[in-house]
$ cat start_19.pdb   # PDB, N, CA and C atoms, pLDDT in the B column
MODEL        1
ATOM      1  N   ALA A   1     173.868-159.218 -86.263  1.00 50.00           N
ATOM      2  CA  ALA A   1     174.524-157.971 -85.893  1.00 50.00           C
ATOM      3  C   ALA A   1     173.522-156.821 -85.989  1.00 50.00           C
ATOM      4  N   PRO A   2     173.587-155.855 -85.050  1.00 54.00           N
ATOM      5  CA  PRO A   2     172.665-154.715 -85.110  1.00 54.00           C
ATOM      6  C   PRO A   2     172.909-153.876 -86.353  1.00 54.00           C
ATOM      7  N   LYS A   3     171.837-153.325 -86.860  1.00 61.00           N
ATOM      8  CA  LYS A   3     171.962-152.455 -88.033  1.00 61.00           C
ATOM      9  C   LYS A   3     172.666-151.165 -87.651  1.00 61.00           C
ATOM     10  N   ASP A   4     173.425-150.650 -88.580  1.00 67.00           N
ATOM     11  CA  ASP A   4     174.086-149.365 -88.391  1.00 67.00           C
ATOM     12  C   ASP A   4     173.053-148.271 -88.631  1.00 67.00           C
ATOM     13  N   ILE A   5     172.651-147.579 -87.569  1.00 69.00           N
ATOM     14  CA  ILE A   5     171.610-146.554 -87.707  1.00 69.00           C
ATOM     15  C   ILE A   5     172.179-145.157 -87.929  1.00 69.00           C
ATOM     16  N   MET A   6     173.497-145.037 -87.973  1.00 68.00           N
ATOM     17  CA  MET A   6     174.137-143.744 -88.195  1.00 68.00           C
ATOM     18  C   MET A   6     173.960-143.335 -89.654  1.00 68.00           C
ATOM     19  N   THR A   7     173.463-142.141 -89.869  1.00 80.00           N
ATOM     20  CA  THR A   7     173.334-141.615 -91.224  1.00 80.00           C
ATOM     21  C   THR A   7     174.381-140.535 -91.427  1.00 80.00           C
ATOM     22  N   ASN A   8     174.626-140.193 -92.668  1.00 83.00           N
ATOM     23  CA  ASN A   8     175.573-139.117 -92.947  1.00 83.00           C
ATOM     24  C   ASN A   8     175.117-137.810 -92.315  1.00 83.00           C
ATOM     25  N   THR A   9     173.824-137.557 -92.342  1.00 87.00           N
ATOM     26  CA  THR A   9     173.286-136.329 -91.753  1.00 87.00           C
ATOM     27  C   THR A   9     173.537-136.310 -90.250  1.00 87.00           C
ATOM     28  N   HIS A  10     173.298-137.431 -89.603  1.00 85.00           N
ATOM     29  CA  HIS A  10     173.516-137.523 -88.160  1.00 85.00           C
ATOM     30  C   HIS A  10     174.998-137.356 -87.826  1.00 85.00           C
ATOM     31  N   ALA A  11     175.861-138.014 -88.574  1.00 85.00           N
ATOM     32  CA  ALA A  11     177.307-137.914 -88.344  1.00 85.00           C
ATOM     33  C   ALA A  11     177.790-136.472 -88.530  1.00 85.00           C
ATOM     34  N   LYS A  12     177.321-135.810 -89.570  1.00 89.00           N
ATOM     35  CA  LYS A  12     177.716-134.420 -89.807  1.00 89.00           C
ATOM     36  C   LYS A  12     177.229-133.517 -88.677  1.00 89.00           C
ATOM     37  N   SER A  13     176.038-133.771 -88.188  1.00 92.00           N
ATOM     38  CA  SER A  13     175.491-132.984 -87.089  1.00 92.00           C
ATOM     39  C   SER A  13     176.347-133.139 -85.827  1.00 92.00           C
ATOM     40  N   ILE A  14     176.734-134.346 -85.533  1.00 91.00           N
ATOM     41  CA  ILE A  14     177.583-134.600 -84.363  1.00 91.00           C
ATOM     42  C   ILE A  14     178.923-133.887 -84.512  1.00 91.00           C
ATOM     43  N   LEU A  15     179.550-134.020 -85.670  1.00 89.00           N
ATOM     44  CA  LEU A  15     180.849-133.378 -85.889  1.00 89.00           C
ATOM     45  C   LEU A  15     180.740-131.859 -85.810  1.00 89.00           C
ATOM     46  N   ASN A  16     179.684-131.297 -86.356  1.00 93.00           N
ATOM     47  CA  ASN A  16     179.489-129.849 -86.269  1.00 93.00           C
ATOM     48  C   ASN A  16     179.300-129.403 -84.822  1.00 93.00           C
ATOM     49  N   SER A  17     178.560-130.177 -84.053  1.00 95.00           N
ATOM     50  CA  SER A  17     178.352-129.853 -82.639  1.00 95.00           C
ATOM     51  C   SER A  17     179.668-129.908 -81.864  1.00 95.00           C
ATOM     52  N   MET A  18     180.455-130.942 -82.110  1.00 93.00           N
ATOM     53  CA  MET A  18     181.746-131.051 -81.413  1.00 93.00           C
ATOM     54  C   MET A  18     182.677-129.909 -81.793  1.00 93.00           C
ATOM     55  N   ASN A  19     182.651-129.505 -83.056  1.00 94.00           N
ATOM     56  CA  ASN A  19     183.503-128.398 -83.475  1.00 94.00           C
ATOM     57  C   ASN A  19     183.047-127.090 -82.839  1.00 94.00           C
ATOM     58  N   SER A  20     181.752-126.891 -82.717  1.00 96.00           N
ATOM     59  CA  SER A  20     181.229-125.691 -82.045  1.00 96.00           C
ATOM     60  C   SER A  20     181.636-125.678 -80.576  1.00 96.00           C
ATOM     61  N   LEU A  21     181.560-126.826 -79.928  1.00 96.00           N
ATOM     62  CA  LEU A  21     182.005-126.913 -78.531  1.00 96.00           C
ATOM     63  C   LEU A  21     183.484-126.577 -78.413  1.00 96.00           C
ATOM     64  N   ARG A  22     184.293-127.106 -79.332  1.00 95.00           N
ATOM     65  CA  ARG A  22     185.734-126.822 -79.312  1.00 95.00           C
ATOM     66  C   ARG A  22     186.001-125.333 -79.493  1.00 95.00           C
ATOM     67  N   LYS A  23     185.318-124.733 -80.449  1.00 96.00           N
ATOM     68  CA  LYS A  23     185.555-123.317 -80.723  1.00 96.00           C
ATOM     69  C   LYS A  23     185.139-122.413 -79.568  1.00 96.00           C
ATOM     70  N   SER A  24     184.184-122.862 -78.760  1.00 97.00           N
ATOM     71  CA  SER A  24     183.773-122.072 -77.593  1.00 97.00           C
ATOM     72  C   SER A  24     184.504-122.528 -76.321  1.00 97.00           C
ATOM     73  N   ASN A  25     185.483-123.407 -76.493  1.00 96.00           N
ATOM     74  CA  ASN A  25     186.292-123.933 -75.383  1.00 96.00           C
ATOM     75  C   ASN A  25     185.408-124.588 -74.319  1.00 96.00           C
ATOM     76  N   THR A  26     184.377-125.285 -74.777  1.00 96.00           N
ATOM     77  CA  THR A  26     183.462-125.984 -73.886  1.00 96.00           C
ATOM     78  C   THR A  26     183.840-127.457 -73.824  1.00 96.00           C
ATOM     79  N   LEU A  27     184.049-127.950 -72.612  1.00 95.00           N
ATOM     80  CA  LEU A  27     184.405-129.344 -72.361  1.00 95.00           C
ATOM     81  C   LEU A  27     185.752-129.747 -72.951  1.00 95.00           C
ATOM     82  N   CYS A  28     186.583-128.780 -73.308  1.00 94.00           N
ATOM     83  CA  CYS A  28     187.910-129.077 -73.836  1.00 94.00           C
ATOM     84  C   CYS A  28     188.827-129.503 -72.687  1.00 94.00           C
ATOM     85  N   ASP A  29     189.687-130.477 -72.957  1.00 89.00           N
ATOM     86  CA  ASP A  29     190.550-130.984 -71.901  1.00 89.00           C
ATOM     87  C   ASP A  29     192.034-130.984 -72.269  1.00 89.00           C
ATOM     88  N   VAL A  30     192.373-130.371 -73.387  1.00 88.00           N
ATOM     89  CA  VAL A  30     193.767-130.240 -73.786  1.00 88.00           C
ATOM     90  C   VAL A  30     193.892-128.978 -74.637  1.00 88.00           C
ATOM     91  N   THR A  31     195.062-128.366 -74.595  1.00 91.00           N
ATOM     92  CA  THR A  31     195.334-127.194 -75.429  1.00 91.00           C
ATOM     93  C   THR A  31     196.552-127.486 -76.286  1.00 91.00           C
ATOM     94  N   LEU A  32     196.409-127.291 -77.573  1.00 90.00           N
ATOM     95  CA  LEU A  32     197.519-127.442 -78.510  1.00 90.00           C
ATOM     96  C   LEU A  32     198.112-126.066 -78.742  1.00 90.00           C
ATOM     97  N   ARG A  33     199.429-125.957 -78.600  1.00 92.00           N
ATOM     98  CA  ARG A  33     200.108-124.674 -78.837  1.00 92.00           C
ATOM     99  C   ARG A  33     200.905-124.752 -80.124  1.00 92.00           C
ATOM    100  N   VAL A  34     200.625-123.816 -81.008  1.00 92.00           N
ATOM    101  CA  VAL A  34     201.330-123.732 -82.281  1.00 92.00           C
ATOM    102  C   VAL A  34     201.696-122.279 -82.491  1.00 92.00           C
ATOM    103  N   GLU A  35     202.988-122.023 -82.659  1.00 95.00           N
ATOM    104  CA  GLU A  35     203.462-120.655 -82.874  1.00 95.00           C
ATOM    105  C   GLU A  35     202.902-119.685 -81.830  1.00 95.00           C
ATOM    106  N   GLN A  36     202.938-120.061 -80.571  1.00 94.00           N
ATOM    107  CA  GLN A  36     202.468-119.233 -79.456  1.00 94.00           C
ATOM    108  C   GLN A  36     200.959-118.991 -79.460  1.00 94.00           C
ATOM    109  N   LYS A  37     200.212-119.696 -80.309  1.00 96.00           N
ATOM    110  CA  LYS A  37     198.762-119.581 -80.321  1.00 96.00           C
ATOM    111  C   LYS A  37     198.177-120.854 -79.718  1.00 96.00           C
ATOM    112  N   ASP A  38     197.204-120.689 -78.822  1.00 96.00           N
ATOM    113  CA  ASP A  38     196.581-121.817 -78.151  1.00 96.00           C
ATOM    114  C   ASP A  38     195.297-122.233 -78.856  1.00 96.00           C
ATOM    115  N   PHE A  39     195.146-123.551 -79.007  1.00 95.00           N
ATOM    116  CA  PHE A  39     193.963-124.141 -79.612  1.00 95.00           C
ATOM    117  C   PHE A  39     193.363-125.148 -78.635  1.00 95.00           C
ATOM    118  N   PRO A  40     192.247-124.810 -77.985  1.00 95.00           N
ATOM    119  CA  PRO A  40     191.600-125.787 -77.111  1.00 95.00           C
ATOM    120  C   PRO A  40     191.074-126.947 -77.959  1.00 95.00           C
ATOM    121  N   ALA A  41     191.080-128.130 -77.372  1.00 91.00           N
ATOM    122  CA  ALA A  41     190.636-129.308 -78.122  1.00 91.00           C
ATOM    123  C   ALA A  41     190.068-130.363 -77.179  1.00 91.00           C
ATOM    124  N   HIS A  42     189.408-131.327 -77.771  1.00 90.00           N
ATOM    125  CA  HIS A  42     188.859-132.465 -77.042  1.00 90.00           C
ATOM    126  C   HIS A  42     189.785-133.654 -77.288  1.00 90.00           C
ATOM    127  N   ARG A  43     190.383-134.130 -76.242  1.00 85.00           N
ATOM    128  CA  ARG A  43     191.332-135.242 -76.308  1.00 85.00           C
ATOM    129  C   ARG A  43     190.738-136.458 -77.042  1.00 85.00           C
ATOM    130  N   ILE A  44     189.490-136.799 -76.752  1.00 84.00           N
ATOM    131  CA  ILE A  44     188.879-137.980 -77.357  1.00 84.00           C
ATOM    132  C   ILE A  44     188.729-137.823 -78.870  1.00 84.00           C
ATOM    133  N   VAL A  45     188.441-136.609 -79.325  1.00 86.00           N
ATOM    134  CA  VAL A  45     188.307-136.378 -80.763  1.00 86.00           C
ATOM    135  C   VAL A  45     189.675-136.481 -81.426  1.00 86.00           C
ATOM    136  N   LEU A  46     190.694-135.893 -80.810  1.00 83.00           N
ATOM    137  CA  LEU A  46     192.047-136.001 -81.350  1.00 83.00           C
ATOM    138  C   LEU A  46     192.485-137.449 -81.428  1.00 83.00           C
ATOM    139  N   ALA A  47     192.215-138.204 -80.378  1.00 78.00           N
ATOM    140  CA  ALA A  47     192.602-139.609 -80.357  1.00 78.00           C
ATOM    141  C   ALA A  47     191.888-140.380 -81.457  1.00 78.00           C
ATOM    142  N   ALA A  48     190.621-140.122 -81.666  1.00 79.00           N
ATOM    143  CA  ALA A  48     189.867-140.831 -82.699  1.00 79.00           C
ATOM    144  C   ALA A  48     190.435-140.538 -84.084  1.00 79.00           C
ATOM    145  N   VAL A  49     190.811-139.309 -84.325  1.00 77.00           N
ATOM    146  CA  VAL A  49     191.368-138.938 -85.625  1.00 77.00           C
ATOM    147  C   VAL A  49     192.752-139.536 -85.805  1.00 77.00           C
ATOM    148  N   VAL A  50     193.570-139.458 -84.765  1.00 67.00           N
ATOM    149  CA  VAL A  50     194.933-139.980 -84.856  1.00 67.00           C
ATOM    150  C   VAL A  50     194.916-141.484 -85.052  1.00 67.00           C
ATOM    151  N   ILE A  51     194.045-142.191 -84.352  1.00 55.00           N
ATOM    152  CA  ILE A  51     193.991-143.647 -84.460  1.00 55.00           C
ATOM    153  C   ILE A  51     193.691-144.074 -85.888  1.00 55.00           C
ATOM    154  N   THR A  52     192.879-143.315 -86.601  1.00 59.00           N
ATOM    155  CA  THR A  52     192.550-143.697 -87.967  1.00 59.00           C
ATOM    156  C   THR A  52     193.646-143.318 -88.953  1.00 59.00           C
ATOM    157  N   SER A  53     194.623-142.519 -88.508  1.00 58.00           N
ATOM    158  CA  SER A  53     195.640-142.012 -89.424  1.00 58.00           C
ATOM    159  C   SER A  53     197.040-142.566 -89.181  1.00 58.00           C
ATOM    160  N   VAL A  54     197.369-142.875 -87.939  1.00 52.00           N
ATOM    161  CA  VAL A  54     198.732-143.295 -87.596  1.00 52.00           C
ATOM    162  C   VAL A  54     198.672-144.442 -86.593  1.00 52.00           C
ATOM    163  N   PRO A  55     199.824-145.084 -86.331  1.00 50.00           N
ATOM    164  CA  PRO A  55     199.821-146.165 -85.344  1.00 50.00           C
ATOM    165  C   PRO A  55     199.294-145.710 -83.984  1.00 50.00           C
ATOM    166  N   CYS A  56     198.585-146.594 -83.329  1.00 49.00           N
ATOM    167  CA  CYS A  56     197.930-146.295 -82.052  1.00 49.00           C
ATOM    168  C   CYS A  56     198.912-145.794 -80.996  1.00 49.00           C
ATOM    169  N   SER A  57     200.148-146.238 -81.038  1.00 46.00           N
ATOM    170  CA  SER A  57     201.126-145.838 -80.023  1.00 46.00           C
ATOM    171  C   SER A  57     201.382-144.341 -80.018  1.00 46.00           C
ATOM    172  N   LEU A  58     201.122-143.657 -81.104  1.00 47.00           N
ATOM    173  CA  LEU A  58     201.360-142.213 -81.172  1.00 47.00           C
ATOM    174  C   LEU A  58     200.262-141.416 -80.490  1.00 47.00           C
ATOM    175  N   VAL A  59     199.133-142.047 -80.192  1.00 51.00           N
ATOM    176  CA  VAL A  59     198.022-141.353 -79.540  1.00 51.00           C
ATOM    177  C   VAL A  59     198.405-140.910 -78.138  1.00 51.00           C
ATOM    178  N   THR A  60     199.308-141.611 -77.486  1.00 55.00           N
ATOM    179  CA  THR A  60     199.647-141.328 -76.096  1.00 55.00           C
ATOM    180  C   THR A  60     200.327-139.980 -75.910  1.00 55.00           C
ATOM    181  N   PHE A  61     200.675-139.295 -76.985  1.00 58.00           N
ATOM    182  CA  PHE A  61     201.300-137.986 -76.825  1.00 58.00           C
ATOM    183  C   PHE A  61     200.399-137.004 -76.103  1.00 58.00           C
ATOM    184  N   ILE A  62     199.112-137.235 -76.109  1.00 59.00           N
ATOM    185  CA  ILE A  62     198.207-136.294 -75.447  1.00 59.00           C
ATOM    186  C   ILE A  62     197.729-136.781 -74.087  1.00 59.00           C
ATOM    187  N   GLU A  63     197.992-138.036 -73.763  1.00 66.00           N
ATOM    188  CA  GLU A  63     197.486-138.579 -72.500  1.00 66.00           C
ATOM    189  C   GLU A  63     198.174-137.914 -71.315  1.00 66.00           C
ATOM    190  N   GLY A  64     197.387-137.344 -70.441  1.00 69.00           N
ATOM    191  CA  GLY A  64     197.909-136.741 -69.225  1.00 69.00           C
ATOM    192  C   GLY A  64     198.486-135.347 -69.392  1.00 69.00           C
ATOM    193  N   GLU A  65     198.540-134.851 -70.569  1.00 71.00           N
ATOM    194  CA  GLU A  65     199.098-133.517 -70.812  1.00 71.00           C
ATOM    195  C   GLU A  65     197.976-132.486 -70.880  1.00 71.00           C
ATOM    196  N   THR A  66     198.246-131.315 -70.309  1.00 83.00           N
ATOM    197  CA  THR A  66     197.300-130.215 -70.416  1.00 83.00           C
ATOM    198  C   THR A  66     197.589-129.366 -71.647  1.00 83.00           C
ATOM    199  N   TYR A  67     198.861-129.149 -71.887  1.00 85.00           N
ATOM    200  CA  TYR A  67     199.311-128.385 -73.055  1.00 85.00           C
ATOM    201  C   TYR A  67     200.256-129.246 -73.867  1.00 85.00           C
ATOM    202  N   VAL A  68     200.078-129.207 -75.174  1.00 83.00           N
ATOM    203  CA  VAL A  68     200.960-129.939 -76.080  1.00 83.00           C
ATOM    204  C   VAL A  68     201.483-128.949 -77.100  1.00 83.00           C
ATOM    205  N   ASP A  69     202.815-128.787 -77.141  1.00 85.00           N
ATOM    206  CA  ASP A  69     203.438-127.920 -78.133  1.00 85.00           C
ATOM    207  C   ASP A  69     203.589-128.695 -79.433  1.00 85.00           C
ATOM    208  N   ILE A  70     203.073-128.138 -80.506  1.00 84.00           N
ATOM    209  CA  ILE A  70     203.145-128.762 -81.815  1.00 84.00           C
ATOM    210  C   ILE A  70     204.164-127.991 -82.640  1.00 84.00           C
ATOM    211  N   GLN A  71     205.158-128.696 -83.131  1.00 86.00           N
ATOM    212  CA  GLN A  71     206.206-128.086 -83.946  1.00 86.00           C
ATOM    213  C   GLN A  71     205.996-128.469 -85.415  1.00 86.00           C
ATOM    214  N   GLY A  72     206.463-127.624 -86.305  1.00 89.00           N
ATOM    215  CA  GLY A  72     206.450-127.943 -87.724  1.00 89.00           C
ATOM    216  C   GLY A  72     205.166-127.587 -88.451  1.00 89.00           C
ATOM    217  N   LEU A  73     204.255-126.906 -87.779  1.00 88.00           N
ATOM    218  CA  LEU A  73     203.018-126.440 -88.411  1.00 88.00           C
ATOM    219  C   LEU A  73     202.861-124.952 -88.148  1.00 88.00           C
ATOM    220  N   THR A  74     202.168-124.283 -89.036  1.00 93.00           N
ATOM    221  CA  THR A  74     201.816-122.899 -88.758  1.00 93.00           C
ATOM    222  C   THR A  74     200.488-122.897 -88.001  1.00 93.00           C
ATOM    223  N   ALA A  75     200.214-121.820 -87.309  1.00 95.00           N
ATOM    224  CA  ALA A  75     198.950-121.698 -86.579  1.00 95.00           C
ATOM    225  C   ALA A  75     197.767-121.763 -87.542  1.00 95.00           C
ATOM    226  N   SER A  76     197.905-121.172 -88.709  1.00 95.00           N
ATOM    227  CA  SER A  76     196.799-121.200 -89.676  1.00 95.00           C
ATOM    228  C   SER A  76     196.554-122.619 -90.186  1.00 95.00           C
ATOM    229  N   THR A  77     197.605-123.397 -90.351  1.00 93.00           N
ATOM    230  CA  THR A  77     197.438-124.797 -90.760  1.00 93.00           C
ATOM    231  C   THR A  77     196.750-125.594 -89.657  1.00 93.00           C
ATOM    232  N   MET A  78     197.142-125.367 -88.414  1.00 91.00           N
ATOM    233  CA  MET A  78     196.509-126.082 -87.299  1.00 91.00           C
ATOM    234  C   MET A  78     195.016-125.768 -87.230  1.00 91.00           C
ATOM    235  N   GLU A  79     194.665-124.514 -87.453  1.00 93.00           N
ATOM    236  CA  GLU A  79     193.259-124.123 -87.414  1.00 93.00           C
ATOM    237  C   GLU A  79     192.461-124.861 -88.489  1.00 93.00           C
ATOM    238  N   ILE A  80     193.036-124.971 -89.669  1.00 92.00           N
ATOM    239  CA  ILE A  80     192.381-125.693 -90.758  1.00 92.00           C
ATOM    240  C   ILE A  80     192.229-127.168 -90.402  1.00 92.00           C
ATOM    241  N   LEU A  81     193.286-127.756 -89.856  1.00 88.00           N
ATOM    242  CA  LEU A  81     193.227-129.172 -89.479  1.00 88.00           C
ATOM    243  C   LEU A  81     192.160-129.427 -88.407  1.00 88.00           C
ATOM    244  N   LEU A  82     192.096-128.565 -87.414  1.00 90.00           N
ATOM    245  CA  LEU A  82     191.108-128.755 -86.361  1.00 90.00           C
ATOM    246  C   LEU A  82     189.688-128.558 -86.894  1.00 90.00           C
ATOM    247  N   ASP A  83     189.499-127.619 -87.786  1.00 89.00           N
ATOM    248  CA  ASP A  83     188.170-127.427 -88.378  1.00 89.00           C
ATOM    249  C   ASP A  83     187.764-128.619 -89.235  1.00 89.00           C
ATOM    250  N   PHE A  84     188.751-129.271 -89.833  1.00 85.00           N
ATOM    251  CA  PHE A  84     188.462-130.429 -90.670  1.00 85.00           C
ATOM    252  C   PHE A  84     187.997-131.590 -89.814  1.00 85.00           C
TER     253      PHE A  84
ENDMDL
END
$ encode --input "start_19.pdb" --output "structure tokens"
Amino acid sequence: APKDIMTNTHAKSILNSMNSLRKSNTLCDVTLRVEQKDFPAHRIVLAAVVITSVPCSLVTFIEGETYVDIQGLTASTMEILLDF
């Protein structure tokens, strides 16, 4: 099997770059709406996070949607979650 060449430094760099792209609304393909506030996001990143946290069938909530209304969260909580 090939060696895993990913380092923590490399992984952190990638995540920081993706978060910077999200914050500048670059290459974003979905918008999450929470309390009338829009949060641009990258569908693939959301899917990767959701897959590791919940059953895969729940990932489809974002497939094909441009805007997704999120209920039960405050906008400030959503911002923290996306930054995480």
$ resolve_selection --input "start_19.pdb" --expression "the PyMOL selection byres (((chain A and resi 75 and name CA) around 12) and name CA)" --output "ChimeraX atom specification"
/A:32-39,69-74,76-82
$ axis_aligned_box --input "start_19.pdb" --around "region 39-46 of chain A" --padding-each-side "8 Å" --output "lines of an AutoDock Vina configuration file"
center_x = 191.7
center_y = -130.8
center_z = -78.8
size_x = 22.8
size_y = 30.4
size_z = 21.2
$ resolve_selection --input "start_19.pdb" --expression "the PyMOL selection byres (((chain A and resi 42 and name CA) around 12) and name CA)" --output "ChimeraX atom specification"
/A:15,18-32,39-41,43-49,62-63,66-67,82
$ atom_distance --input "start_19.pdb" --atom1 "atom N of Val68 (chain A)" --atom2 "atom C of Ser13 (chain A)"
26.3 Å
$ atom_distance --input "start_19.pdb" --atom1 "atom N of Asn8 (chain A)" --atom2 "atom N of Phe84 (chain A)"
18.1 Å
$ atom_distance --input "start_19.pdb" --atom1 "atom C of Thr7 (chain A)" --atom2 "CA of Asp83 (chain A)"
19.3 Å
$ build_atoms --input "start_19.pdb" --residues "region 39-48 of chain A" --atoms "all heavy atoms" --output "tab-separated table (two decimals), keeping the file's coordinate frame"
chain	number	residue	atom	x	y	z
A	39	PHE	N	195.15	-123.55	-79.01
A	39	PHE	CA	193.96	-124.14	-79.61
A	39	PHE	C	193.36	-125.15	-78.64
A	39	PHE	O	193.93	-126.23	-78.44
A	39	PHE	CB	194.32	-124.88	-80.91
A	39	PHE	CG	194.85	-123.98	-82.00
A	39	PHE	CD1	196.21	-123.75	-82.12
A	39	PHE	CD2	193.99	-123.36	-82.90
A	39	PHE	CE1	196.71	-122.95	-83.12
A	39	PHE	CE2	194.47	-122.55	-83.89
A	39	PHE	CZ	195.84	-122.33	-84.01
A	40	PRO	N	192.25	-124.81	-77.98
A	40	PRO	CA	191.60	-125.79	-77.11
A	40	PRO	C	191.07	-126.95	-77.96
A	40	PRO	O	190.69	-126.75	-79.12
A	40	PRO	CB	190.46	-125.01	-76.46
A	40	PRO	CG	190.25	-123.80	-77.29
A	40	PRO	CD	191.51	-123.55	-78.05
A	41	ALA	N	191.08	-128.13	-77.37
A	41	ALA	CA	190.64	-129.31	-78.12
A	41	ALA	C	190.07	-130.36	-77.18
A	41	ALA	O	190.23	-130.28	-75.96
A	41	ALA	CB	191.80	-129.89	-78.92
A	42	HIS	N	189.41	-131.33	-77.77
A	42	HIS	CA	188.86	-132.46	-77.04
A	42	HIS	C	189.78	-133.65	-77.29
A	42	HIS	O	189.93	-134.11	-78.43
A	42	HIS	CB	187.44	-132.79	-77.52
A	42	HIS	CG	186.49	-131.66	-77.32
A	42	HIS	ND1	186.06	-130.87	-78.37
A	42	HIS	CD2	185.90	-131.19	-76.21
A	42	HIS	CE1	185.23	-129.96	-77.89
A	42	HIS	NE2	185.12	-130.13	-76.58
A	43	ARG	N	190.38	-134.13	-76.24
A	43	ARG	CA	191.33	-135.24	-76.31
A	43	ARG	C	190.74	-136.46	-77.04
A	43	ARG	O	191.40	-137.07	-77.87
A	43	ARG	CB	191.70	-135.60	-74.87
A	43	ARG	CG	192.84	-136.50	-74.69
A	43	ARG	CD	193.06	-136.75	-73.18
A	43	ARG	NE	193.09	-135.52	-72.40
A	43	ARG	CZ	194.21	-134.87	-72.07
A	43	ARG	NH1	195.37	-135.33	-72.44
A	43	ARG	NH2	194.16	-133.76	-71.36
A	44	ILE	N	189.49	-136.80	-76.75
A	44	ILE	CA	188.88	-137.98	-77.36
A	44	ILE	C	188.73	-137.82	-78.87
A	44	ILE	O	188.91	-138.78	-79.62
A	44	ILE	CB	187.53	-138.33	-76.68
A	44	ILE	CG1	187.01	-139.68	-77.17
A	44	ILE	CG2	186.49	-137.25	-76.95
A	44	ILE	CD1	187.77	-140.85	-76.64
A	45	VAL	N	188.44	-136.61	-79.32
A	45	VAL	CA	188.31	-136.38	-80.76
A	45	VAL	C	189.68	-136.48	-81.43
A	45	VAL	O	189.82	-137.11	-82.48
A	45	VAL	CB	187.65	-135.01	-81.05
A	45	VAL	CG1	187.63	-134.72	-82.55
A	45	VAL	CG2	186.24	-134.97	-80.47
A	46	LEU	N	190.69	-135.89	-80.81
A	46	LEU	CA	192.05	-136.00	-81.35
A	46	LEU	C	192.48	-137.45	-81.43
A	46	LEU	O	193.06	-137.89	-82.42
A	46	LEU	CB	193.03	-135.20	-80.49
A	46	LEU	CG	192.85	-133.69	-80.46
A	46	LEU	CD1	193.81	-133.07	-79.46
A	46	LEU	CD2	193.03	-133.09	-81.84
A	47	ALA	N	192.22	-138.20	-80.38
A	47	ALA	CA	192.60	-139.61	-80.36
A	47	ALA	C	191.89	-140.38	-81.46
A	47	ALA	O	192.50	-141.22	-82.13
A	47	ALA	CB	192.29	-140.22	-78.99
A	48	ALA	N	190.62	-140.12	-81.67
A	48	ALA	CA	189.87	-140.83	-82.70
A	48	ALA	C	190.44	-140.54	-84.08
A	48	ALA	O	190.54	-141.43	-84.92
A	48	ALA	CB	188.39	-140.44	-82.63
